[in-house]
file my_file-v2.txt (compact mmCIF, N, CA and C atoms and all ligand atoms)
# COMPACT_ATOMS: atom_id res chain seq x y z
N MET T 16 -43.42 -76.44 141.42
CA MET T 16 -42.38 -76.93 142.33
C MET T 16 -42.93 -78.06 143.18
N THR T 17 -42.15 -79.12 143.27
CA THR T 17 -42.54 -80.26 144.10
C THR T 17 -42.14 -80.01 145.54
N THR T 18 -43.06 -80.21 146.44
CA THR T 18 -42.70 -80.09 147.85
C THR T 18 -42.64 -81.47 148.46
N PHE T 19 -41.73 -81.63 149.38
CA PHE T 19 -41.54 -82.92 150.03
C PHE T 19 -41.75 -82.77 151.52
N ASN T 20 -42.14 -83.85 152.13
CA ASN T 20 -42.30 -83.85 153.58
C ASN T 20 -40.94 -83.78 154.25
N LYS T 21 -40.91 -83.10 155.38
CA LYS T 21 -39.69 -83.11 156.18
C LYS T 21 -39.53 -84.50 156.77
N PRO T 22 -38.30 -84.99 156.87
CA PRO T 22 -38.09 -86.38 157.25
C PRO T 22 -38.24 -86.70 158.73
N VAL T 23 -38.20 -85.68 159.59
CA VAL T 23 -38.23 -85.99 161.01
C VAL T 23 -39.65 -85.94 161.52
N ARG T 24 -40.21 -87.09 161.73
CA ARG T 24 -41.54 -87.24 162.29
C ARG T 24 -41.44 -88.27 163.37
N LEU T 25 -42.56 -88.61 163.92
CA LEU T 25 -42.54 -89.69 164.90
C LEU T 25 -42.14 -90.97 164.21
N ARG T 26 -41.19 -91.63 164.78
CA ARG T 26 -40.67 -92.84 164.18
C ARG T 26 -40.27 -93.80 165.28
N PRO T 27 -40.15 -95.07 164.98
CA PRO T 27 -39.64 -95.99 166.00
C PRO T 27 -38.26 -95.53 166.45
N LEU T 28 -38.04 -95.51 167.73
CA LEU T 28 -36.77 -95.05 168.26
C LEU T 28 -35.91 -96.24 168.66
N PRO T 29 -34.60 -96.05 168.68
CA PRO T 29 -33.72 -97.17 169.01
C PRO T 29 -33.87 -97.60 170.46
N THR T 30 -33.62 -98.86 170.68
CA THR T 30 -33.55 -99.39 172.04
C THR T 30 -32.16 -99.12 172.59
N LEU T 31 -32.11 -98.44 173.71
CA LEU T 31 -30.80 -98.12 174.27
C LEU T 31 -30.24 -99.33 175.01
N THR T 32 -28.96 -99.58 174.76
CA THR T 32 -28.23 -100.66 175.44
C THR T 32 -26.97 -100.04 176.06
N PRO T 33 -26.30 -100.76 176.94
CA PRO T 33 -25.05 -100.22 177.48
C PRO T 33 -24.02 -99.91 176.39
N THR T 34 -24.07 -100.66 175.28
CA THR T 34 -23.09 -100.46 174.21
C THR T 34 -23.42 -99.26 173.33
N ASN T 35 -24.71 -99.01 173.07
CA ASN T 35 -25.06 -97.94 172.13
C ASN T 35 -25.57 -96.67 172.81
N HIS T 36 -25.71 -96.68 174.13
CA HIS T 36 -26.29 -95.53 174.84
C HIS T 36 -25.55 -94.23 174.51
N PHE T 37 -24.23 -94.27 174.50
CA PHE T 37 -23.46 -93.04 174.23
C PHE T 37 -23.81 -92.47 172.86
N PHE T 38 -24.01 -93.35 171.86
CA PHE T 38 -24.25 -92.89 170.50
C PHE T 38 -25.58 -92.16 170.40
N TRP T 39 -26.63 -92.74 170.96
CA TRP T 39 -27.97 -92.16 170.81
C TRP T 39 -28.21 -90.97 171.72
N THR T 40 -27.35 -90.77 172.72
CA THR T 40 -27.51 -89.60 173.60
C THR T 40 -26.39 -88.58 173.40
N SER T 41 -25.49 -88.86 172.47
CA SER T 41 -24.33 -87.99 172.26
C SER T 41 -24.73 -86.56 171.90
N GLY T 42 -25.82 -86.42 171.20
CA GLY T 42 -26.24 -85.09 170.75
C GLY T 42 -26.68 -84.16 171.86
N ALA T 43 -26.77 -84.64 173.07
CA ALA T 43 -27.19 -83.78 174.18
C ALA T 43 -26.30 -82.55 174.31
N ASP T 44 -25.02 -82.71 173.97
CA ASP T 44 -24.11 -81.55 174.00
C ASP T 44 -23.73 -81.10 172.59
N GLY T 45 -24.44 -81.61 171.58
CA GLY T 45 -24.21 -81.17 170.21
C GLY T 45 -23.03 -81.82 169.52
N ARG T 46 -22.43 -82.85 170.13
CA ARG T 46 -21.28 -83.50 169.52
C ARG T 46 -21.63 -84.94 169.15
N LEU T 47 -21.25 -85.32 167.95
CA LEU T 47 -21.37 -86.71 167.53
C LEU T 47 -20.17 -87.48 168.07
N ARG T 48 -20.41 -88.65 168.62
CA ARG T 48 -19.32 -89.49 169.13
C ARG T 48 -19.36 -90.87 168.45
N ILE T 49 -18.17 -91.34 168.14
CA ILE T 49 -17.99 -92.64 167.51
C ILE T 49 -16.94 -93.38 168.31
N GLN T 50 -17.11 -94.68 168.46
CA GLN T 50 -16.09 -95.44 169.18
C GLN T 50 -14.79 -95.46 168.37
N ARG T 51 -13.67 -95.33 169.12
CA ARG T 51 -12.37 -95.35 168.46
C ARG T 51 -11.44 -96.26 169.24
N CYS T 52 -10.69 -97.05 168.49
CA CYS T 52 -9.74 -97.96 169.11
C CYS T 52 -8.68 -97.18 169.87
N GLN T 53 -8.45 -97.58 171.10
CA GLN T 53 -7.47 -96.87 171.93
C GLN T 53 -6.04 -97.30 171.64
N ASP T 54 -5.87 -98.32 170.80
CA ASP T 54 -4.51 -98.73 170.43
C ASP T 54 -4.13 -98.25 169.03
N CYS T 55 -4.97 -98.55 168.04
CA CYS T 55 -4.58 -98.24 166.65
C CYS T 55 -5.32 -97.03 166.08
N GLY T 56 -6.33 -96.49 166.80
CA GLY T 56 -6.99 -95.28 166.35
C GLY T 56 -8.12 -95.49 165.35
N TYR T 57 -8.43 -96.74 165.02
CA TYR T 57 -9.47 -97.04 164.04
C TYR T 57 -10.85 -96.73 164.63
N TYR T 58 -11.69 -96.03 163.85
CA TYR T 58 -13.06 -95.75 164.29
C TYR T 58 -13.94 -96.96 164.04
N VAL T 59 -14.87 -97.21 164.94
CA VAL T 59 -15.73 -98.40 164.88
C VAL T 59 -17.19 -97.98 164.94
N HIS T 60 -17.94 -98.30 163.92
CA HIS T 60 -19.38 -98.05 163.92
C HIS T 60 -20.07 -99.09 163.06
N PRO T 61 -21.18 -99.67 163.49
CA PRO T 61 -21.88 -99.46 164.75
C PRO T 61 -21.02 -99.86 165.96
N PRO T 62 -21.36 -99.31 167.13
CA PRO T 62 -20.54 -99.56 168.31
C PRO T 62 -20.58 -101.02 168.75
N THR T 63 -19.38 -101.55 169.00
CA THR T 63 -19.26 -102.92 169.50
C THR T 63 -18.36 -102.98 170.73
N GLY T 64 -17.59 -101.91 170.95
CA GLY T 64 -16.67 -101.89 172.07
C GLY T 64 -15.32 -102.50 171.76
N ARG T 65 -15.19 -103.10 170.57
CA ARG T 65 -13.93 -103.75 170.18
C ARG T 65 -13.51 -103.29 168.79
N CYS T 66 -12.23 -103.15 168.62
CA CYS T 66 -11.68 -102.81 167.31
C CYS T 66 -11.66 -104.06 166.44
N PRO T 67 -12.23 -104.01 165.23
CA PRO T 67 -12.21 -105.19 164.35
C PRO T 67 -10.82 -105.48 163.78
N ARG T 68 -9.92 -104.51 163.88
CA ARG T 68 -8.58 -104.71 163.32
C ARG T 68 -7.62 -105.35 164.31
N CYS T 69 -7.63 -104.84 165.56
CA CYS T 69 -6.62 -105.33 166.51
C CYS T 69 -7.25 -105.89 167.79
N LEU T 70 -8.58 -105.84 167.88
CA LEU T 70 -9.35 -106.40 169.00
C LEU T 70 -9.13 -105.67 170.32
N SER T 71 -8.55 -104.49 170.27
CA SER T 71 -8.40 -103.69 171.49
C SER T 71 -9.73 -103.01 171.81
N ILE T 72 -9.77 -102.39 172.97
CA ILE T 72 -10.97 -101.69 173.42
C ILE T 72 -11.18 -100.43 172.58
N ALA T 73 -12.45 -100.21 172.17
CA ALA T 73 -12.83 -98.98 171.47
C ALA T 73 -13.77 -98.20 172.38
N THR T 74 -13.50 -96.92 172.54
CA THR T 74 -14.32 -96.08 173.41
C THR T 74 -14.79 -94.85 172.64
N PRO T 75 -15.90 -94.25 173.07
CA PRO T 75 -16.46 -93.10 172.35
C PRO T 75 -15.53 -91.88 172.37
N GLU T 76 -15.43 -91.25 171.20
CA GLU T 76 -14.69 -89.99 171.08
C GLU T 76 -15.49 -89.05 170.19
N PRO T 77 -15.44 -87.75 170.48
CA PRO T 77 -16.12 -86.79 169.60
C PRO T 77 -15.46 -86.77 168.22
N VAL T 78 -16.30 -86.62 167.19
CA VAL T 78 -15.81 -86.46 165.82
C VAL T 78 -16.37 -85.14 165.27
N SER T 79 -15.92 -84.79 164.08
CA SER T 79 -16.28 -83.48 163.53
C SER T 79 -17.77 -83.36 163.21
N GLY T 80 -18.40 -84.50 162.91
CA GLY T 80 -19.80 -84.45 162.49
C GLY T 80 -19.96 -84.08 161.03
N GLU T 81 -18.83 -83.96 160.31
CA GLU T 81 -18.89 -83.61 158.90
C GLU T 81 -18.61 -84.83 158.04
N GLY T 82 -19.22 -84.84 156.87
CA GLY T 82 -19.01 -85.96 155.98
C GLY T 82 -19.63 -85.69 154.63
N THR T 83 -19.76 -86.76 153.85
CA THR T 83 -20.36 -86.65 152.53
C THR T 83 -21.41 -87.75 152.35
N VAL T 84 -22.37 -87.47 151.50
CA VAL T 84 -23.36 -88.49 151.18
C VAL T 84 -22.68 -89.54 150.31
N PHE T 85 -22.55 -90.75 150.85
CA PHE T 85 -21.94 -91.85 150.11
C PHE T 85 -22.96 -92.47 149.16
N SER T 86 -24.21 -92.56 149.66
CA SER T 86 -25.30 -93.08 148.85
C SER T 86 -26.62 -92.65 149.50
N TYR T 87 -27.70 -92.79 148.78
CA TYR T 87 -29.00 -92.46 149.36
C TYR T 87 -30.09 -93.14 148.55
N THR T 88 -31.25 -93.18 149.16
CA THR T 88 -32.43 -93.64 148.43
C THR T 88 -33.62 -92.84 148.93
N ILE T 89 -34.63 -92.75 148.11
CA ILE T 89 -35.84 -92.07 148.51
C ILE T 89 -36.89 -93.14 148.81
N ASN T 90 -37.40 -93.11 150.03
CA ASN T 90 -38.45 -94.05 150.39
C ASN T 90 -39.81 -93.47 150.02
N TRP T 91 -40.59 -94.26 149.30
CA TRP T 91 -41.93 -93.82 148.88
C TRP T 91 -43.04 -94.62 149.56
N TYR T 92 -42.65 -95.59 150.37
CA TYR T 92 -43.65 -96.45 151.00
C TYR T 92 -43.95 -95.97 152.42
N GLU T 93 -45.20 -96.00 152.82
CA GLU T 93 -45.56 -95.57 154.16
C GLU T 93 -45.42 -96.73 155.14
N TRP T 94 -44.22 -96.85 155.72
CA TRP T 94 -43.96 -97.91 156.70
C TRP T 94 -44.64 -97.58 158.02
N TYR T 95 -44.72 -96.29 158.35
CA TYR T 95 -45.31 -95.84 159.60
C TYR T 95 -46.26 -94.69 159.30
N PRO T 96 -47.48 -94.74 159.84
CA PRO T 96 -48.43 -93.67 159.56
C PRO T 96 -47.94 -92.29 160.00
N THR T 97 -47.07 -92.27 161.01
CA THR T 97 -46.59 -90.98 161.51
C THR T 97 -45.35 -90.49 160.77
N LEU T 98 -44.91 -91.28 159.81
CA LEU T 98 -43.72 -90.89 159.04
C LEU T 98 -44.06 -90.97 157.55
N PRO T 99 -44.81 -89.98 157.09
CA PRO T 99 -45.30 -90.06 155.71
C PRO T 99 -44.19 -89.88 154.68
N PRO T 100 -44.20 -90.70 153.63
CA PRO T 100 -43.24 -90.55 152.55
C PRO T 100 -43.62 -89.35 151.66
N PRO T 101 -42.72 -88.91 150.80
CA PRO T 101 -41.37 -89.46 150.61
C PRO T 101 -40.36 -88.85 151.58
N TYR T 102 -39.32 -89.63 151.88
CA TYR T 102 -38.19 -89.11 152.64
C TYR T 102 -36.93 -89.84 152.23
N ALA T 103 -35.82 -89.19 152.47
CA ALA T 103 -34.52 -89.75 152.05
C ALA T 103 -33.89 -90.55 153.18
N ILE T 104 -33.31 -91.66 152.82
CA ILE T 104 -32.45 -92.44 153.71
C ILE T 104 -31.04 -92.26 153.15
N VAL T 105 -30.16 -91.72 153.96
CA VAL T 105 -28.82 -91.41 153.45
C VAL T 105 -27.76 -92.24 154.16
N LEU T 106 -26.75 -92.59 153.41
CA LEU T 106 -25.58 -93.26 153.96
C LEU T 106 -24.46 -92.22 153.91
N VAL T 107 -24.07 -91.75 155.10
CA VAL T 107 -23.08 -90.68 155.18
C VAL T 107 -21.73 -91.25 155.58
N GLU T 108 -20.71 -90.90 154.80
CA GLU T 108 -19.35 -91.28 155.17
C GLU T 108 -18.73 -90.12 155.92
N LEU T 109 -18.34 -90.38 157.17
CA LEU T 109 -17.76 -89.34 158.00
C LEU T 109 -16.36 -88.98 157.54
N ALA T 110 -15.99 -87.73 157.79
CA ALA T 110 -14.71 -87.20 157.30
C ALA T 110 -13.51 -87.88 157.95
N GLU T 111 -13.70 -88.46 159.14
CA GLU T 111 -12.57 -88.98 159.90
C GLU T 111 -11.90 -90.21 159.30
N GLN T 112 -12.68 -91.00 158.53
CA GLN T 112 -12.09 -92.28 158.09
C GLN T 112 -12.85 -92.82 156.88
N GLU T 113 -12.13 -93.24 155.88
CA GLU T 113 -12.74 -93.86 154.71
C GLU T 113 -13.51 -95.10 155.17
N GLY T 114 -14.75 -95.23 154.74
CA GLY T 114 -15.56 -96.39 155.08
C GLY T 114 -16.31 -96.26 156.39
N LEU T 115 -16.11 -95.15 157.12
CA LEU T 115 -16.83 -94.93 158.38
C LEU T 115 -18.17 -94.28 158.02
N ARG T 116 -19.21 -95.08 158.01
CA ARG T 116 -20.50 -94.63 157.47
C ARG T 116 -21.64 -94.81 158.46
N LEU T 117 -22.56 -93.84 158.43
CA LEU T 117 -23.77 -93.89 159.24
C LEU T 117 -24.98 -93.90 158.33
N THR T 118 -25.95 -94.72 158.65
CA THR T 118 -27.24 -94.67 157.97
C THR T 118 -28.09 -93.68 158.73
N SER T 119 -28.64 -92.69 158.02
CA SER T 119 -29.34 -91.61 158.70
C SER T 119 -30.40 -91.02 157.77
N ALA T 120 -30.80 -89.82 158.08
CA ALA T 120 -31.78 -89.11 157.27
C ALA T 120 -31.35 -87.66 157.16
N MET T 121 -31.93 -86.96 156.21
CA MET T 121 -31.64 -85.54 156.06
C MET T 121 -32.63 -84.76 156.92
N ALA T 122 -32.08 -83.81 157.66
CA ALA T 122 -32.92 -83.03 158.56
C ALA T 122 -33.64 -81.90 157.83
N ASP T 123 -32.97 -81.32 156.88
CA ASP T 123 -33.53 -80.14 156.27
C ASP T 123 -32.99 -79.99 154.85
N ALA T 124 -33.56 -80.71 153.94
CA ALA T 124 -33.13 -80.59 152.55
C ALA T 124 -34.26 -81.06 151.65
N ASP T 125 -34.43 -80.38 150.54
CA ASP T 125 -35.36 -80.89 149.55
C ASP T 125 -34.74 -82.16 148.96
N LEU T 126 -35.56 -83.17 148.86
CA LEU T 126 -35.04 -84.45 148.38
C LEU T 126 -34.40 -84.32 147.01
N ILE T 127 -34.94 -83.42 146.24
CA ILE T 127 -34.45 -83.27 144.88
C ILE T 127 -33.03 -82.73 144.84
N ASP T 128 -32.58 -82.13 145.95
CA ASP T 128 -31.24 -81.54 146.00
C ASP T 128 -30.18 -82.50 146.50
N ILE T 129 -30.56 -83.67 146.97
CA ILE T 129 -29.58 -84.60 147.53
C ILE T 129 -28.80 -85.27 146.40
N THR T 130 -27.48 -85.27 146.55
CA THR T 130 -26.63 -85.91 145.55
C THR T 130 -25.53 -86.71 146.24
N VAL T 131 -25.04 -87.72 145.56
CA VAL T 131 -23.88 -88.47 146.07
C VAL T 131 -22.69 -87.52 146.06
N GLY T 132 -21.96 -87.50 147.15
CA GLY T 132 -20.80 -86.62 147.26
C GLY T 132 -21.10 -85.28 147.91
N MET T 133 -22.39 -85.01 148.14
CA MET T 133 -22.77 -83.74 148.76
C MET T 133 -22.22 -83.66 150.17
N ARG T 134 -21.69 -82.49 150.52
CA ARG T 134 -21.14 -82.28 151.86
C ARG T 134 -22.27 -82.05 152.85
N VAL T 135 -22.17 -82.72 153.99
CA VAL T 135 -23.21 -82.63 155.02
C VAL T 135 -22.56 -82.50 156.40
N ARG T 136 -23.38 -82.07 157.33
CA ARG T 136 -22.95 -81.91 158.72
C ARG T 136 -24.05 -82.44 159.61
N VAL T 137 -23.65 -83.03 160.73
CA VAL T 137 -24.63 -83.61 161.65
C VAL T 137 -25.43 -82.51 162.36
N THR T 138 -26.66 -82.83 162.66
CA THR T 138 -27.50 -82.00 163.50
C THR T 138 -28.35 -82.98 164.29
N PHE T 139 -28.81 -82.57 165.44
CA PHE T 139 -29.51 -83.53 166.30
C PHE T 139 -30.95 -83.13 166.51
N ARG T 140 -31.81 -84.16 166.58
CA ARG T 140 -33.22 -83.95 166.90
C ARG T 140 -33.55 -84.75 168.16
N PRO T 141 -33.77 -84.04 169.28
CA PRO T 141 -34.16 -84.77 170.49
C PRO T 141 -35.57 -85.31 170.38
N LEU T 142 -35.72 -86.59 170.63
CA LEU T 142 -37.03 -87.25 170.63
C LEU T 142 -37.04 -88.21 171.82
N GLU T 143 -37.92 -87.93 172.76
CA GLU T 143 -37.98 -88.74 173.97
C GLU T 143 -36.59 -88.80 174.63
N ASN T 144 -35.99 -90.00 174.71
CA ASN T 144 -34.71 -90.12 175.43
C ASN T 144 -33.50 -90.23 174.52
N VAL T 145 -33.67 -89.93 173.23
CA VAL T 145 -32.53 -90.00 172.31
C VAL T 145 -32.37 -88.68 171.55
N TRP T 146 -31.18 -88.49 171.03
CA TRP T 146 -30.90 -87.37 170.14
C TRP T 146 -30.56 -87.98 168.79
N LEU T 147 -31.49 -87.96 167.87
CA LEU T 147 -31.25 -88.59 166.57
C LEU T 147 -30.23 -87.79 165.79
N PRO T 148 -29.14 -88.44 165.36
CA PRO T 148 -28.17 -87.74 164.51
C PRO T 148 -28.67 -87.73 163.08
N LEU T 149 -29.02 -86.55 162.60
CA LEU T 149 -29.45 -86.37 161.22
C LEU T 149 -28.41 -85.49 160.52
N PHE T 150 -28.60 -85.28 159.23
CA PHE T 150 -27.61 -84.50 158.50
C PHE T 150 -28.28 -83.40 157.70
N GLU T 151 -27.55 -82.31 157.54
CA GLU T 151 -28.02 -81.18 156.76
C GLU T 151 -26.92 -80.77 155.79
N PRO T 152 -27.31 -80.19 154.66
CA PRO T 152 -26.30 -79.79 153.68
C PRO T 152 -25.38 -78.71 154.23
N VAL T 153 -24.12 -78.76 153.81
CA VAL T 153 -23.16 -77.71 154.13
C VAL T 153 -23.09 -76.80 152.93
N GLU T 154 -23.24 -75.52 153.19
CA GLU T 154 -23.11 -74.55 152.10
C GLU T 154 -21.65 -74.49 151.67
N VAL T 155 -21.41 -74.71 150.41
CA VAL T 155 -20.04 -74.64 149.89
C VAL T 155 -19.81 -73.24 149.34
N PRO T 156 -18.81 -72.50 149.89
CA PRO T 156 -18.54 -71.14 149.40
C PRO T 156 -18.19 -71.13 147.92
N ASN T 157 -18.68 -70.16 147.23
CA ASN T 157 -18.39 -69.96 145.81
C ASN T 157 -18.85 -71.11 144.93
N ALA T 158 -19.82 -71.88 145.42
CA ALA T 158 -20.33 -72.97 144.59
C ALA T 158 -21.14 -72.39 143.45
N GLY T 159 -21.05 -73.03 142.33
CA GLY T 159 -21.87 -72.64 141.19
C GLY T 159 -21.18 -71.57 140.41
ZN ZN C 201 -7.40 -101.21 166.84

call {"tool": "encode", "arguments": {"input": "my_file-v2.txt", "output": "structure tokens"}}
result
Amino acid sequence: MTTFNKPVRLRPLPTLTPTNHFFWTSGADGRLRIQRCQDCGYYVHPPTGRCPRCLSIATPEPVSGEGTVFSYTINWYEWYPTLPPPYAIVLVELAEQEGLRLTSAMADADLIDITVGMRVRVTFRPLENVWLPLFEPVEVPNAG
């Protein structure tokens, strides 16, 4: 059996700005938040504060934190000594809106089990002043 390193290690952390602060600290209460247009309801990510469709103000709102793996890749290169490969980089499409995608990592999954279309749920890892939104597999009842 092949064992893989867990993906959450010391890594460069995001720089907090007034625009993205809510996103990187949202996990403090266990809820993922995404900006949403207050006029047309369109979700906006990465956060910009403006709706790309109607240019109205977009403000953070809690979302379900559930989605599917839209795509992924396995990184085999050691970019950071404290983040040893291999680890998965996943592109998760959130359940709230087609095309609403986050680039993230898997918190707790063997890399060999990751598939496109796999159902996932957000989980947070507090590191210094941020709560990294990562994803874990959702057990599907009666699967298999
Ligand atoms: Zn809008």

call {"tool": "residues_near_ligand", "arguments": {"input": "my_file-v2.txt", "ligand": "ligand ZN 201 (chain C)", "cutoff": "7 Å", "atoms": "only C-alpha atoms and all ligand atoms", "output": "MDAnalysis selection string"}}
result
chainID T and resid 52:57 66:71

call {"tool": "closest_residue", "arguments": {"input": "my_file-v2.txt", "among": "T:Val84, T:Val155, T:Val59, T:Pro33", "to": "Ile129 (chain T)", "atoms": "only N, CA and C atoms"}}
result
T:Val84

call {"tool": "atom_distance", "arguments": {"input": "my_file-v2.txt", "atom1": "atom N of Ile89 (chain T)", "atom2": "CA of Pro62 (chain T)"}}
result
25.6 Å

call {"tool": "atom_distance", "arguments": {"input": "my_file-v2.txt", "atom1": "atom N of Ser41 (chain T)", "atom2": "atom C of Thr74 (chain T)"}}
result
12.3 Å

call {"tool": "atom_distance", "arguments": {"input": "my_file-v2.txt", "atom1": "CA of Gly64 (chain T)", "atom2": "atom N of Pro77 (chain T)"}}
result
14.3 Å

call {"tool": "closest_residue", "arguments": {"input": "my_file-v2.txt", "among": "T:Ala103, T:Ile72, T:Leu142, T:Leu117", "to": "Trp91 (chain T)", "atoms": "only N, CA and C atoms"}}
result
T:Ala103

call {"tool": "closest_residue", "arguments": {"input": "my_file-v2.txt", "among": "T:Gly114, T:Glu151, T:Gln50, T:Thr88", "to": "Arg65 (chain T)", "atoms": "only C-alpha atoms"}}
result
T:Gln50

call {"tool": "select_by_dssp", "arguments": {"input": "my_file-v2.txt", "residues": "region 77-128 of chain T", "states": "strand (DSSP E or B)", "output": "VMD selection string"}}
result
chain T and resid 77 81 to 90 102 to 109 116 to 121

call {"tool": "closest_residue", "arguments": {"input": "my_file-v2.txt", "among": "T:Val131, T:Ala122, T:Leu98, T:Val78", "to": "Ala110 (chain T)", "atoms": "all atoms listed in the file"}}
result
T:Val78

call {"tool": "residues_around", "arguments": {"input": "my_file-v2.txt", "residues": "Arg116 (chain T)", "least_positions_apart": "2", "cutoff": "6.5 Å", "atoms": "all atoms listed in the file", "output": "list in words"}}
result
His60, Leu106, Val107, Glu108, Leu109, Glu113, Gly114 and Thr118 of chain T

call {"tool": "write_last_selection", "arguments": {"input": "my_file-v2.txt", "atoms": "N, CA and C atoms", "output": "JSON list (two decimals), in the frame of the given file"}}
result
[["chain", "number", "residue", "atom", "x", "y", "z"],
["T", 60, "HIS", "N", -17.94, -98.30, 163.92],
["T", 60, "HIS", "CA", -19.38, -98.05, 163.92],
["T", 60, "HIS", "C", -20.07, -99.09, 163.06],
["T", 106, "LEU", "N", -26.75, -92.59, 153.41],
["T", 106, "LEU", "CA", -25.58, -93.26, 153.96],
["T", 106, "LEU", "C", -24.46, -92.22, 153.91],
["T", 107, "VAL", "N", -24.07, -91.75, 155.10],
["T", 107, "VAL", "CA", -23.08, -90.68, 155.18],
["T", 107, "VAL", "C", -21.73, -91.25, 155.58],
["T", 108, "GLU", "N", -20.71, -90.90, 154.80],
["T", 108, "GLU", "CA", -19.35, -91.28, 155.17],
["T", 108, "GLU", "C", -18.73, -90.12, 155.92],
["T", 109, "LEU", "N", -18.34, -90.38, 157.17],
["T", 109, "LEU", "CA", -17.76, -89.34, 158.00],
["T", 109, "LEU", "C", -16.36, -88.98, 157.54],
["T", 113, "GLU", "N", -12.13, -93.24, 155.88],
["T", 113, "GLU", "CA", -12.74, -93.86, 154.71],
["T", 113, "GLU", "C", -13.51, -95.10, 155.17],
["T", 114, "GLY", "N", -14.75, -95.23, 154.74],
["T", 114, "GLY", "CA", -15.56, -96.39, 155.08],
["T", 114, "GLY", "C", -16.31, -96.26, 156.39],
["T", 118, "THR", "N", -25.95, -94.72, 158.65],
["T", 118, "THR", "CA", -27.24, -94.67, 157.97],
["T", 118, "THR", "C", -28.09, -93.68, 158.73]]

call {"tool": "build_atoms", "arguments": {"input": "my_file-v2.txt", "residues": "region 115-120 of chain T", "atoms": "all heavy atoms", "output": "CSV table (one decimal), keeping the file's coordinate frame"}}
result
chain,number,residue,atom,x,y,z
T,115,LEU,N,-16.1,-95.2,157.1
T,115,LEU,CA,-16.8,-94.9,158.4
T,115,LEU,C,-18.2,-94.3,158.0
T,115,LEU,O,-18.2,-93.1,157.7
T,115,LEU,CB,-16.0,-94.0,159.3
T,115,LEU,CG,-16.7,-93.7,160.7
T,115,LEU,CD1,-16.9,-94.9,161.5
T,115,LEU,CD2,-15.8,-92.7,161.4
T,116,ARG,N,-19.2,-95.1,158.0
T,116,ARG,CA,-20.5,-94.6,157.5
T,116,ARG,C,-21.6,-94.8,158.5
T,116,ARG,O,-21.7,-95.8,159.2
T,116,ARG,CB,-20.8,-95.4,156.2
T,116,ARG,CG,-19.8,-95.2,155.1
T,116,ARG,CD,-20.1,-96.0,153.9
T,116,ARG,NE,-18.9,-95.9,153.0
T,116,ARG,CZ,-18.4,-96.9,152.3
T,116,ARG,NH1,-19.1,-98.1,152.3
T,116,ARG,NH2,-17.4,-96.8,151.6
T,117,LEU,N,-22.6,-93.8,158.4
T,117,LEU,CA,-23.8,-93.9,159.2
T,117,LEU,C,-25.0,-93.9,158.3
T,117,LEU,O,-25.0,-93.2,157.4
T,117,LEU,CB,-23.9,-92.6,160.1
T,117,LEU,CG,-22.8,-92.3,161.1
T,117,LEU,CD1,-23.3,-91.1,161.9
T,117,LEU,CD2,-22.5,-93.4,162.0
T,118,THR,N,-26.0,-94.7,158.6
T,118,THR,CA,-27.2,-94.7,158.0
T,118,THR,C,-28.1,-93.7,158.7
T,118,THR,O,-28.2,-93.8,159.9
T,118,THR,CB,-27.9,-96.0,158.0
T,118,THR,OG1,-27.0,-97.0,157.4
T,118,THR,CG2,-29.2,-96.0,157.2
T,119,SER,N,-28.6,-92.7,158.0
T,119,SER,CA,-29.3,-91.6,158.7
T,119,SER,C,-30.4,-91.0,157.8
T,119,SER,O,-30.8,-91.7,156.8
T,119,SER,CB,-28.3,-90.5,159.1
T,119,SER,OG,-28.9,-89.5,159.9
T,120,ALA,N,-30.8,-89.8,158.1
T,120,ALA,CA,-31.8,-89.1,157.3
T,120,ALA,C,-31.4,-87.7,157.2
T,120,ALA,O,-30.5,-87.2,157.9
T,120,ALA,CB,-33.2,-89.2,157.9
